[in-house]
file final_10.txt (compact mmCIF, C-alpha atoms)
# COMPACT_ATOMS: atom_id res chain seq x y z
CA MET Z 1 -142.91 216.26 -78.38
CA ARG Z 2 -145.13 214.82 -81.08
CA LEU Z 3 -146.19 211.22 -81.63
CA LEU Z 4 -146.78 210.40 -85.28
CA ALA Z 5 -148.28 207.33 -86.86
CA GLU Z 6 -147.95 207.13 -90.61
CA GLY Z 7 -150.01 204.70 -92.65
CA LEU Z 8 -149.98 201.94 -90.08
CA SER Z 9 -151.34 198.54 -90.91
CA ALA Z 10 -151.07 195.30 -89.00
CA ARG Z 11 -151.71 191.62 -89.51
CA ARG Z 12 -152.42 188.76 -87.16
CA GLY Z 13 -151.35 185.66 -89.01
CA GLU Z 14 -152.71 186.11 -92.54
CA ASP Z 15 -155.56 188.44 -91.64
CA LEU Z 16 -155.25 192.15 -92.12
CA ILE Z 17 -156.56 193.75 -88.92
CA PHE Z 18 -156.43 197.41 -89.93
CA LYS Z 19 -154.74 199.47 -92.58
CA ASP Z 20 -153.63 202.98 -93.28
CA ILE Z 21 -154.05 204.54 -89.86
CA SER Z 22 -152.34 207.88 -89.41
CA PHE Z 23 -152.49 210.41 -86.64
CA ASP Z 24 -150.42 213.16 -85.12
CA LEU Z 25 -150.58 213.91 -81.42
CA ALA Z 26 -148.82 216.74 -79.63
CA GLY Z 27 -148.09 216.92 -75.91
CA GLY Z 28 -151.29 217.49 -73.93
CA GLU Z 29 -153.48 215.71 -76.46
CA ALA Z 30 -155.40 212.50 -76.05
CA LEU Z 31 -156.63 210.05 -78.65
CA VAL Z 32 -159.62 207.90 -77.86
CA VAL Z 33 -159.87 204.78 -79.97
CA THR Z 34 -163.34 203.30 -80.27
CA GLY Z 35 -164.87 200.54 -82.33
CA PRO Z 36 -166.64 197.20 -82.05
CA ASN Z 37 -164.97 194.13 -80.58
CA GLY Z 38 -162.37 192.67 -82.89
CA SER Z 39 -161.89 195.88 -84.84
CA GLY Z 40 -158.21 196.06 -83.92
CA LYS Z 41 -158.06 198.50 -81.00
CA SER Z 42 -155.79 196.29 -78.90
CA THR Z 43 -153.65 195.42 -81.90
CA LEU Z 44 -153.15 199.12 -82.64
CA LEU Z 45 -152.04 199.76 -79.06
CA ARG Z 46 -149.65 196.80 -79.15
CA VAL Z 47 -148.14 198.11 -82.37
CA LEU Z 48 -147.66 201.53 -80.75
CA ALA Z 49 -146.08 199.87 -77.71
CA GLY Z 50 -143.62 198.09 -80.00
CA LEU Z 51 -144.87 194.67 -78.90
CA LEU Z 52 -146.11 193.80 -82.35
CA GLY Z 53 -144.46 194.71 -85.64
CA ALA Z 54 -146.43 196.88 -88.04
CA ASP Z 55 -147.07 195.33 -91.43
CA SER Z 56 -146.48 198.67 -93.10
CA GLY Z 57 -146.17 202.26 -92.02
CA ARG Z 58 -144.31 203.47 -88.99
CA VAL Z 59 -144.57 205.10 -85.61
CA ARG Z 60 -142.17 207.79 -84.62
CA LEU Z 61 -141.49 210.50 -82.13
CA LYS Z 62 -140.55 214.01 -83.07
CA GLY Z 63 -138.93 216.41 -80.66
CA GLY Z 64 -138.68 213.88 -77.86
CA PRO Z 65 -135.63 213.34 -75.65
CA ALA Z 66 -132.47 212.55 -77.59
CA GLY Z 67 -132.00 208.91 -78.46
CA PHE Z 68 -135.68 207.98 -78.48
CA ASP Z 69 -137.27 207.70 -81.90
CA HIS Z 70 -139.84 205.04 -81.07
CA PRO Z 71 -142.41 205.62 -78.32
CA ARG Z 72 -141.80 202.15 -76.83
CA GLU Z 73 -139.37 203.15 -74.11
CA LEU Z 74 -141.27 206.30 -73.24
CA SER Z 75 -144.64 204.63 -72.82
CA HIS Z 76 -146.69 203.07 -70.11
CA TYR Z 77 -148.76 200.19 -71.45
CA LEU Z 78 -151.81 199.14 -69.48
CA GLY Z 79 -153.16 196.04 -71.17
CA HIS Z 80 -156.01 193.70 -70.30
CA ARG Z 81 -153.87 192.11 -67.65
CA ASN Z 82 -152.62 194.10 -64.71
CA ALA Z 83 -148.96 192.99 -64.64
CA MET Z 84 -148.99 192.62 -60.88
CA LYS Z 85 -148.06 189.51 -58.89
CA ARG Z 86 -150.85 188.02 -56.80
CA GLU Z 87 -148.40 186.62 -54.23
CA LEU Z 88 -146.75 189.94 -53.44
CA THR Z 89 -148.35 192.77 -51.53
CA VAL Z 90 -149.53 195.82 -53.43
CA GLU Z 91 -146.69 197.79 -51.90
CA GLU Z 92 -144.05 195.28 -53.05
CA ASN Z 93 -145.56 195.26 -56.52
CA LEU Z 94 -145.53 199.03 -56.82
CA ILE Z 95 -142.01 199.35 -55.40
CA PHE Z 96 -140.80 196.78 -57.90
CA TRP Z 97 -142.29 198.58 -60.89
CA GLN Z 98 -141.11 201.94 -59.62
CA ARG Z 99 -137.53 200.71 -59.39
CA PHE Z 100 -137.60 198.50 -62.47
CA LEU Z 101 -139.22 201.03 -64.82
CA GLY Z 102 -137.39 204.12 -63.57
CA ASP Z 103 -138.35 207.59 -64.75
CA SER Z 104 -138.16 208.72 -68.35
CA PRO Z 105 -136.19 211.89 -68.97
CA GLY Z 106 -138.20 215.03 -68.29
CA GLY Z 107 -140.22 214.07 -65.26
CA SER Z 108 -140.41 212.13 -62.06
CA GLY Z 109 -142.93 209.65 -60.72
CA ASP Z 110 -145.07 210.03 -57.64
CA GLY Z 111 -144.28 208.44 -54.33
CA LEU Z 112 -145.90 205.16 -53.44
CA VAL Z 113 -148.40 206.51 -50.93
CA GLU Z 114 -149.17 209.46 -53.17
CA ALA Z 115 -149.97 207.15 -56.09
CA ALA Z 116 -152.10 204.85 -53.95
CA THR Z 117 -153.96 207.87 -52.58
CA ALA Z 118 -154.57 209.13 -56.12
CA VAL Z 119 -156.43 205.90 -56.91
CA GLY Z 120 -158.22 206.02 -53.56
CA LEU Z 121 -156.72 202.89 -52.03
CA ALA Z 122 -153.96 204.16 -49.75
CA ASP Z 123 -155.14 202.10 -46.79
CA ILE Z 124 -154.81 198.67 -48.35
CA ILE Z 125 -151.33 198.66 -49.85
CA HIS Z 126 -150.16 196.15 -47.24
CA LEU Z 127 -152.47 193.43 -48.62
CA PRO Z 128 -151.39 190.78 -51.12
CA PHE Z 129 -152.52 191.84 -54.58
CA GLY Z 130 -154.48 188.61 -55.00
CA TYR Z 131 -156.78 189.55 -52.08
CA LEU Z 132 -158.14 192.63 -53.84
CA SER Z 133 -161.35 192.69 -55.86
CA ALA Z 134 -161.18 193.00 -59.64
CA GLY Z 135 -161.97 196.72 -59.50
CA GLN Z 136 -159.38 197.39 -56.81
CA GLN Z 137 -156.79 195.44 -58.80
CA ARG Z 138 -157.50 197.61 -61.83
CA ARG Z 139 -157.13 200.75 -59.74
CA MET Z 140 -153.80 199.53 -58.43
CA ALA Z 141 -152.67 198.82 -61.98
CA MET Z 142 -153.39 202.50 -62.66
CA ALA Z 143 -151.32 203.50 -59.65
CA LYS Z 144 -148.48 201.79 -61.51
CA LEU Z 145 -148.79 204.49 -64.19
CA LEU Z 146 -148.09 207.11 -61.56
CA VAL Z 147 -145.09 205.66 -59.71
CA ALA Z 148 -142.77 205.91 -62.70
CA TYR Z 149 -142.90 208.82 -65.12
CA ARG Z 150 -143.63 208.11 -68.76
CA PRO Z 151 -144.79 210.89 -71.10
CA ILE Z 152 -146.98 208.54 -73.17
CA TRP Z 153 -149.74 206.36 -71.77
CA LEU Z 154 -151.17 203.53 -73.89
CA LEU Z 155 -154.32 202.28 -72.20
CA ASP Z 156 -156.31 199.28 -73.38
CA GLU Z 157 -159.84 199.26 -71.92
CA PRO Z 158 -158.54 200.91 -68.74
CA THR Z 159 -161.94 201.18 -67.10
CA ALA Z 160 -163.02 197.57 -67.44
CA ALA Z 161 -164.30 196.30 -64.05
CA LEU Z 162 -164.46 199.80 -62.62
CA ASP Z 163 -167.43 201.47 -60.94
CA VAL Z 164 -168.72 204.97 -61.72
CA SER Z 165 -166.62 206.78 -59.13
CA ALA Z 166 -163.50 205.01 -60.37
CA ASP Z 167 -164.39 206.08 -63.90
CA ARG Z 168 -164.34 209.70 -62.74
CA LEU Z 169 -161.11 209.12 -60.85
CA PHE Z 170 -159.54 207.70 -63.99
CA ALA Z 171 -160.70 210.68 -66.06
CA GLY Z 172 -159.06 212.89 -63.43
CA LEU Z 173 -155.75 211.04 -63.69
CA VAL Z 174 -155.77 211.34 -67.47
CA ALA Z 175 -156.61 215.05 -67.24
CA ARG Z 176 -153.72 215.63 -64.87
CA HIS Z 177 -151.33 213.75 -67.15
CA LEU Z 178 -152.46 215.82 -70.15
CA GLU Z 179 -152.05 219.07 -68.22
CA ARG Z 180 -148.43 218.17 -67.64
CA GLY Z 181 -147.95 217.81 -71.38
CA GLY Z 182 -148.33 214.04 -71.59
CA ILE Z 183 -149.91 212.07 -74.42
CA VAL Z 184 -152.68 209.55 -73.83
CA ILE Z 185 -153.95 206.97 -76.29
CA ALA Z 186 -156.81 204.98 -74.86
CA ALA Z 187 -159.10 202.32 -76.26
CA THR Z 188 -162.18 203.07 -74.23
CA HIS Z 189 -165.88 203.71 -74.56
CA GLN Z 190 -165.89 206.14 -71.69
CA ALA Z 191 -166.30 209.81 -72.60
CA LEU Z 192 -163.30 211.56 -71.13
CA GLY Z 193 -165.25 214.80 -71.11
CA PHE Z 194 -162.71 217.51 -71.77
CA THR Z 195 -161.23 219.37 -74.69
CA GLY Z 196 -158.14 218.39 -76.61
CA VAL Z 197 -159.39 214.85 -77.13
CA LYS Z 198 -159.19 213.46 -80.63
CA SER Z 199 -161.03 210.35 -81.59
CA LEU Z 200 -160.36 207.48 -83.93
CA GLU Z 201 -163.08 205.05 -84.83
CA MET Z 202 -161.97 201.62 -85.93
CA THR Z 203 -164.53 199.97 -88.16
CA GLY Z 204 -162.90 196.62 -88.75
CA PHE Z 205 -163.27 194.63 -91.96
CA PHE Z 206 -166.32 192.66 -92.91
CA HIS Z 207 -165.41 189.11 -93.79
CA MET P 1 -132.21 195.03 -62.21
CA THR P 2 -131.61 194.42 -58.50
CA ALA P 3 -135.32 195.05 -58.08
CA LEU P 4 -136.11 192.25 -60.54
CA PHE P 5 -133.67 189.87 -58.84
CA LEU P 6 -135.15 190.54 -55.41
CA ARG P 7 -138.72 190.27 -56.65
CA ASP P 8 -138.08 186.91 -58.30
CA LEU P 9 -136.42 185.62 -55.15
CA LYS P 10 -139.37 186.78 -53.05
CA LEU P 11 -141.83 185.18 -55.45
CA SER P 12 -140.02 181.88 -55.35
CA VAL P 13 -140.26 181.58 -51.56
CA ARG P 14 -143.88 182.73 -51.36
CA ALA P 15 -146.80 180.32 -51.74
CA GLY P 16 -146.66 178.44 -55.00
CA GLY P 17 -143.18 179.74 -55.74
CA GLY P 18 -141.51 176.37 -56.01
CA ALA P 19 -138.11 177.07 -54.46
CA MET P 20 -138.52 174.15 -52.06
CA ILE P 21 -140.18 171.85 -54.58
CA GLY P 22 -136.88 171.16 -56.34
CA VAL P 23 -135.04 170.32 -53.12
CA LEU P 24 -137.87 168.06 -51.95
CA PHE P 25 -137.85 166.24 -55.29
CA PHE P 26 -134.06 165.91 -55.13
CA MET P 27 -134.32 164.42 -51.63
CA THR P 28 -137.07 162.02 -52.70
CA VAL P 29 -135.13 160.72 -55.67
CA VAL P 30 -131.88 160.22 -53.76
CA ALA P 31 -133.57 158.85 -50.63
CA VAL P 32 -135.33 156.01 -52.47
CA ILE P 33 -132.19 154.80 -54.27
CA PRO P 34 -130.69 152.93 -51.25
CA PHE P 35 -134.01 151.12 -50.78
CA GLY P 36 -134.02 150.04 -54.40
CA VAL P 37 -130.35 149.11 -54.67
CA GLY P 38 -130.14 147.35 -51.31
CA PRO P 39 -127.70 147.70 -48.42
CA ASP P 40 -124.52 147.18 -50.44
CA LEU P 41 -122.46 150.08 -49.04
CA ASN P 42 -119.64 149.80 -51.56
CA LEU P 43 -122.03 149.84 -54.49
CA LEU P 44 -123.87 152.87 -53.05
CA ALA P 45 -120.61 154.74 -52.57
CA ARG P 46 -119.62 153.95 -56.14
CA ILE P 47 -122.86 155.09 -57.79
CA GLY P 48 -123.47 157.92 -55.27
CA PRO P 49 -122.00 160.83 -57.28
CA ALA P 50 -123.88 159.81 -60.42
CA ILE P 51 -127.17 159.49 -58.52
CA LEU P 52 -126.71 162.90 -56.91
CA TRP P 53 -126.01 164.46 -60.28
CA ILE P 54 -129.00 162.82 -61.98
CA GLY P 55 -131.23 163.86 -59.09
CA ALA P 56 -129.98 167.45 -59.25
CA LEU P 57 -130.42 167.56 -63.03
CA LEU P 58 -134.03 166.37 -62.87
CA ALA P 59 -134.81 168.61 -59.91
CA SER P 60 -133.52 171.70 -61.67
CA LEU P 61 -135.69 170.95 -64.71
CA LEU P 62 -138.82 171.04 -62.53
CA GLY P 63 -139.67 174.72 -62.16
CA LEU P 64 -138.10 175.95 -65.38
CA ASP P 65 -141.25 176.20 -67.47
CA ARG P 66 -142.67 178.89 -65.16
CA LEU P 67 -139.65 181.15 -65.67
CA PHE P 68 -141.32 183.30 -68.33
CA GLN P 69 -144.79 181.80 -68.46
CA ALA P 70 -145.82 183.31 -65.13
CA GLU P 71 -144.66 186.72 -66.36
CA ARG P 72 -146.58 186.33 -69.56
CA GLU P 73 -149.82 185.26 -67.90
CA ASP P 74 -150.15 188.38 -65.79
CA GLY P 75 -148.92 190.76 -68.48
CA SER P 76 -145.59 191.65 -66.83
CA LEU P 77 -143.65 190.27 -69.79
CA ASP P 78 -145.07 193.00 -72.06
CA LEU P 79 -143.77 195.72 -69.77
CA ILE P 80 -140.43 193.98 -69.31
CA MET P 81 -139.95 193.79 -73.08
CA MET P 82 -140.76 197.48 -73.58
CA GLN P 83 -137.90 198.75 -71.43
CA GLU P 84 -134.63 200.30 -72.52
CA THR P 85 -132.69 197.62 -70.67
CA PRO P 86 -131.58 195.00 -73.20
CA LEU P 87 -133.86 191.98 -72.93
CA LEU P 88 -130.91 189.59 -72.71
CA LEU P 89 -129.71 191.33 -69.56
CA THR P 90 -133.18 190.94 -68.06
CA VAL P 91 -133.15 187.25 -69.00
CA LEU P 92 -129.73 186.82 -67.38
CA VAL P 93 -130.94 188.43 -64.16
CA LYS P 94 -134.04 186.23 -64.11
CA CYS P 95 -131.82 183.16 -64.60
CA ALA P 96 -129.57 184.28 -61.76
CA ALA P 97 -132.57 184.69 -59.46
CA HIS P 98 -134.00 181.36 -60.55
CA TRP P 99 -130.70 179.60 -59.89
CA THR P 100 -130.30 181.24 -56.49
CA ALA P 101 -133.79 180.11 -55.53
CA THR P 102 -133.74 176.60 -56.95
CA GLY P 103 -130.16 175.59 -57.91
CA LEU P 104 -128.28 176.81 -54.86
CA PRO P 105 -130.49 174.87 -52.38
CA LEU P 106 -129.66 171.70 -54.35
CA VAL P 107 -125.95 172.38 -53.93
CA VAL P 108 -126.45 173.01 -50.22
CA ALA P 109 -128.53 169.85 -49.78
CA SER P 110 -126.13 167.59 -51.68
CA PRO P 111 -123.68 166.87 -48.76
CA PHE P 112 -126.52 165.54 -46.60
CA LEU P 113 -127.80 163.37 -49.39
CA GLY P 114 -124.21 162.24 -50.03
CA LEU P 115 -124.28 160.70 -46.55
CA PHE P 116 -127.31 158.63 -47.60
CA MET P 117 -125.17 157.20 -50.38
CA ASN P 118 -122.24 156.32 -48.10
CA MET P 119 -119.92 158.73 -49.91
CA ASP P 120 -116.68 159.84 -48.24
CA GLU P 121 -115.72 163.49 -47.62
CA ARG P 122 -113.66 163.74 -50.77
CA ALA P 123 -116.50 162.52 -52.99
CA ILE P 124 -119.02 164.76 -51.23
CA GLY P 125 -116.78 167.80 -51.63
CA ALA P 126 -116.16 167.08 -55.31
CA THR P 127 -119.87 166.55 -55.97
CA MET P 128 -120.77 169.80 -54.26
CA LEU P 129 -118.13 171.71 -56.20
CA THR P 130 -119.18 170.27 -59.57
CA LEU P 131 -122.86 170.91 -58.82
CA LEU P 132 -121.99 174.50 -57.95
CA ALA P 133 -120.22 174.90 -61.29
CA GLY P 134 -122.68 172.88 -63.36
CA THR P 135 -126.22 173.71 -62.22
CA PRO P 136 -126.11 177.32 -63.52
CA ALA P 137 -125.61 175.86 -67.00
CA ILE P 138 -128.81 173.83 -66.63
CA THR P 139 -130.76 176.95 -65.67
CA LEU P 140 -129.30 178.90 -68.59
CA ILE P 141 -130.11 176.14 -71.09
CA GLY P 142 -133.53 175.85 -69.50
CA ALA P 143 -134.20 179.55 -70.05
CA VAL P 144 -134.04 178.94 -73.81
CA GLY P 145 -136.53 176.09 -73.55
CA ALA P 146 -138.78 178.16 -71.29
CA ALA P 147 -138.70 181.06 -73.74
CA VAL P 148 -139.55 178.82 -76.70
CA ALA P 149 -142.47 177.24 -74.83
CA VAL P 150 -143.68 180.48 -73.24
CA ALA P 151 -146.89 180.67 -75.24
CA LEU P 152 -147.85 177.02 -74.78
CA PRO P 153 -150.39 176.37 -72.05
CA ARG P 154 -148.88 173.08 -70.88
CA GLY P 155 -145.26 173.53 -71.84
CA GLY P 156 -143.74 171.91 -68.75
CA LEU P 157 -142.87 168.54 -70.19
CA LEU P 158 -141.92 170.08 -73.52
CA VAL P 159 -139.36 172.31 -71.81
CA SER P 160 -137.80 169.29 -70.09
CA ILE P 161 -137.61 167.40 -73.38
CA LEU P 162 -136.11 170.37 -75.22
CA VAL P 163 -133.57 171.01 -72.49
CA LEU P 164 -132.48 167.49 -71.63
CA PRO P 165 -130.32 166.74 -74.70
CA LEU P 166 -128.41 170.00 -74.23
CA ALA P 167 -127.97 169.31 -70.54
CA ILE P 168 -126.43 165.87 -71.11
CA PRO P 169 -122.87 167.23 -71.57
CA VAL P 170 -123.19 169.01 -68.24
CA LEU P 171 -124.10 165.71 -66.61
CA ILE P 172 -121.29 163.82 -68.33
CA PHE P 173 -118.54 166.25 -67.38
CA GLY P 174 -119.95 166.84 -63.90
CA VAL P 175 -119.97 163.15 -63.05
CA SER P 176 -116.63 162.44 -64.68
CA ALA P 177 -115.00 165.26 -62.72
CA VAL P 178 -116.27 163.76 -59.47
CA TYR P 179 -114.96 160.30 -60.39
CA ALA P 180 -111.65 161.82 -61.39
CA ALA P 181 -111.41 163.37 -57.94
CA ILE P 182 -111.99 160.10 -56.08
CA GLU P 183 -110.21 157.63 -58.37
CA ASP P 184 -106.53 158.29 -58.47
CA PRO P 185 -105.13 158.02 -62.00
CA ALA P 186 -107.58 160.36 -63.74
CA PRO P 187 -106.91 164.09 -63.33
CA PHE P 188 -109.73 166.21 -61.85
CA LEU P 189 -109.05 169.51 -63.55
CA PRO P 190 -109.69 168.82 -67.27
CA PRO P 191 -113.31 167.64 -66.92
CA PHE P 192 -113.97 170.32 -64.30
CA MET P 193 -112.60 173.03 -66.60
CA ILE P 194 -114.80 171.78 -69.42
CA LEU P 195 -117.79 171.88 -67.06
CA MET P 196 -117.04 175.51 -66.25
CA ALA P 197 -116.52 176.26 -69.93
CA ILE P 198 -119.97 174.82 -70.67
CA THR P 199 -121.50 177.06 -68.01
CA LEU P 200 -119.75 180.14 -69.38
CA PHE P 201 -120.69 179.21 -72.93
CA PHE P 202 -124.37 178.96 -72.05
CA ALA P 203 -124.17 182.15 -69.99
CA VAL P 204 -123.53 183.88 -73.32
CA ILE P 205 -125.66 181.80 -75.70
CA GLY P 206 -128.61 181.17 -73.35
CA PRO P 207 -129.79 184.76 -72.75
CA VAL P 208 -129.29 185.72 -76.41
CA ALA P 209 -131.33 182.75 -77.64
CA ALA P 210 -134.00 183.16 -74.94
CA ALA P 211 -134.37 186.88 -75.66
CA SER P 212 -134.83 186.30 -79.37
CA ALA P 213 -137.34 183.50 -78.73
CA LEU P 214 -139.31 185.85 -76.45
CA ARG P 215 -139.30 188.60 -79.07
CA HIS P 216 -140.72 186.22 -81.64
CA SER P 217 -143.38 184.82 -79.38
CA ALA P 218 -144.88 188.28 -78.80
CA ASP P 219 -148.43 188.43 -80.05
call {"tool": "encode", "arguments": {"input": "final_10.txt", "output": "structure tokens"}}
result
Amino acid sequence: MRLLAEGLSARRGEDLIFKDISFDLAGGEALVVTGPNGSGKSTLLRVLAGLLGADSGRVRLKGGPAGFDHPRELSHYLGHRNAMKRELTVEENLIFWQRFLGDSPGGSGDGLVEAATAVGLADIIHLPFGYLSAGQQRRMAMAKLLVAYRPIWLLDEPTAALDVSADRLFAGLVARHLERGGIVIAATHQALGFTGVKSLEMTGFFH
Amino acid sequence: MTALFLRDLKLSVRAGGGAMIGVLFFMTVVAVIPFGVGPDLNLLARIGPAILWIGALLASLLGLDRLFQAEREDGSLDLIMMQETPLLLTVLVKCAAHWTATGLPLVVASPFLGLFMNMDERAIGATMLTLLAGTPAITLIGAVGAAVAVALPRGGLLVSILVLPLAIPVLIFGVSAVYAAIEDPAPFLPPFMILMAITLFFAVIGPVAAASALRHSAD
């Protein structure tokens, strides 16, 4: 499966945020998007997730499962917000997303305990999500990536609020996903530290 | 989809969920009427069905603005919109959960409040039946308002104002069906059928309109 972006540009209101971005990622490859604040990293990820229309250009999938020509339905999107309910326990949150998202064709998600163990928090899944610290909440949001299978991960500043050990843990999760032939596009300043990583630097426009 | 329904139900009974808020408001409104109107039992019995309907209408408008706003604030809405499942189906399921949590308790509470208003069994039964048929329409209309106001930080009042004009026909036919049931010459079925038709109509229009409003509010 290949993920192709061809001459993408996007606007917010009247302002052009970026233009003419193209890349080509095969399974097992990661793209790290870097750039100063306001250079359009989040906007690019939202365009890839299908949450924002591109002004020109297009995103498409080649060689993916039949019936999917946009990456939207085959992607996990981890944005700035964790998409978990504070009132529900971590377990209830994860079960909900596992059942609601379902697995994409070609893989299956991890079990609940397995996913919580992978982010190092297996012993606190009975707590309400709102009780956790910011770093723990972020880790649990990552566990959400594991409970349902999606070949493409779109991650927007995934390691915000995380400590050094969690950074390493996150790099491990990404590495495992790439080994299984997944695609990762992450807006992050953290060096992922392995081969097969492409990088895209967004410069932004000077106004 | 069942997962979404169950989650929304759970959320509405947890702290800050607001399932009981509507019923409490409904009780407050109806309970103060006899004090205001005075102990004229015949008058209370005559205006009872209308008061119950107005109370239920206002109570069901209460929690509507949070329907999509809460999802948007924590980022869940993004994930919900990315799925293969058509968005209008998701909206319909959310409406069903919202109605079960907030509309159904109103229907259940209405017989007790009917006693406050000195209504007889026939009037109480008719009111309950019309509320059962009519309150889903209010939720479905409200979903459109909630979707339009999803990006506004204090959209609560705006949602009520947007929704109220569309909900007026529901009120009119609901109340007239009840009066038709208790006053002999008028037939009960025609207004009741129209009430059900309104509910079915908005069950189709509501999710479609709400889904397209949500798509356009994405930023």
call {"tool": "interface_residues", "arguments": {"input": "final_10.txt", "of": "chain P", "to": "chain Z", "cutoff": "12 Å", "atoms": "all atoms listed in the file", "output": "VMD selection string"}}
result
chain P and resid 1 to 17 70 to 86 90 214 to 219
call {"tool": "residues_around", "arguments": {"input": "final_10.txt", "residues": "region 184-186 of chain Z", "least_positions_apart": "4", "cutoff": "6 Å", "atoms": "all atoms listed in the file", "output": "list in words"}}
result
Ala30, Leu31, Val32, Val33, Ile152, Trp153, Leu154, Leu155 and Asp156 of chain Z
call {"tool": "atom_distance", "arguments": {"input": "final_10.txt", "atom1": "CA of Glu14 (chain Z)", "atom2": "CA of Ser212 (chain P)"}}
result
22.2 Å
call {"tool": "residues_around", "arguments": {"input": "final_10.txt", "residues": "region 131-144 of chain Z", "least_positions_apart": "4", "cutoff": "6 Å", "atoms": "only C-alpha atoms", "output": "VMD selection string"}}
result
chain Z and resid 82 115 to 116 119 161 to 162
call {"tool": "atom_distance", "arguments": {"input": "final_10.txt", "atom1": "CA of Phe18 (chain Z)", "atom2": "CA of Gly40 (chain Z)"}}
result
6.4 Å
call {"tool": "residues_around", "arguments": {"input": "final_10.txt", "residues": "Gly48 (chain P)", "least_positions_apart": "3", "cutoff": "8 Å", "atoms": "only C-alpha atoms", "output": "number ranges by chain"}}
result
P: 44-45, 51-52, 114, 117-119
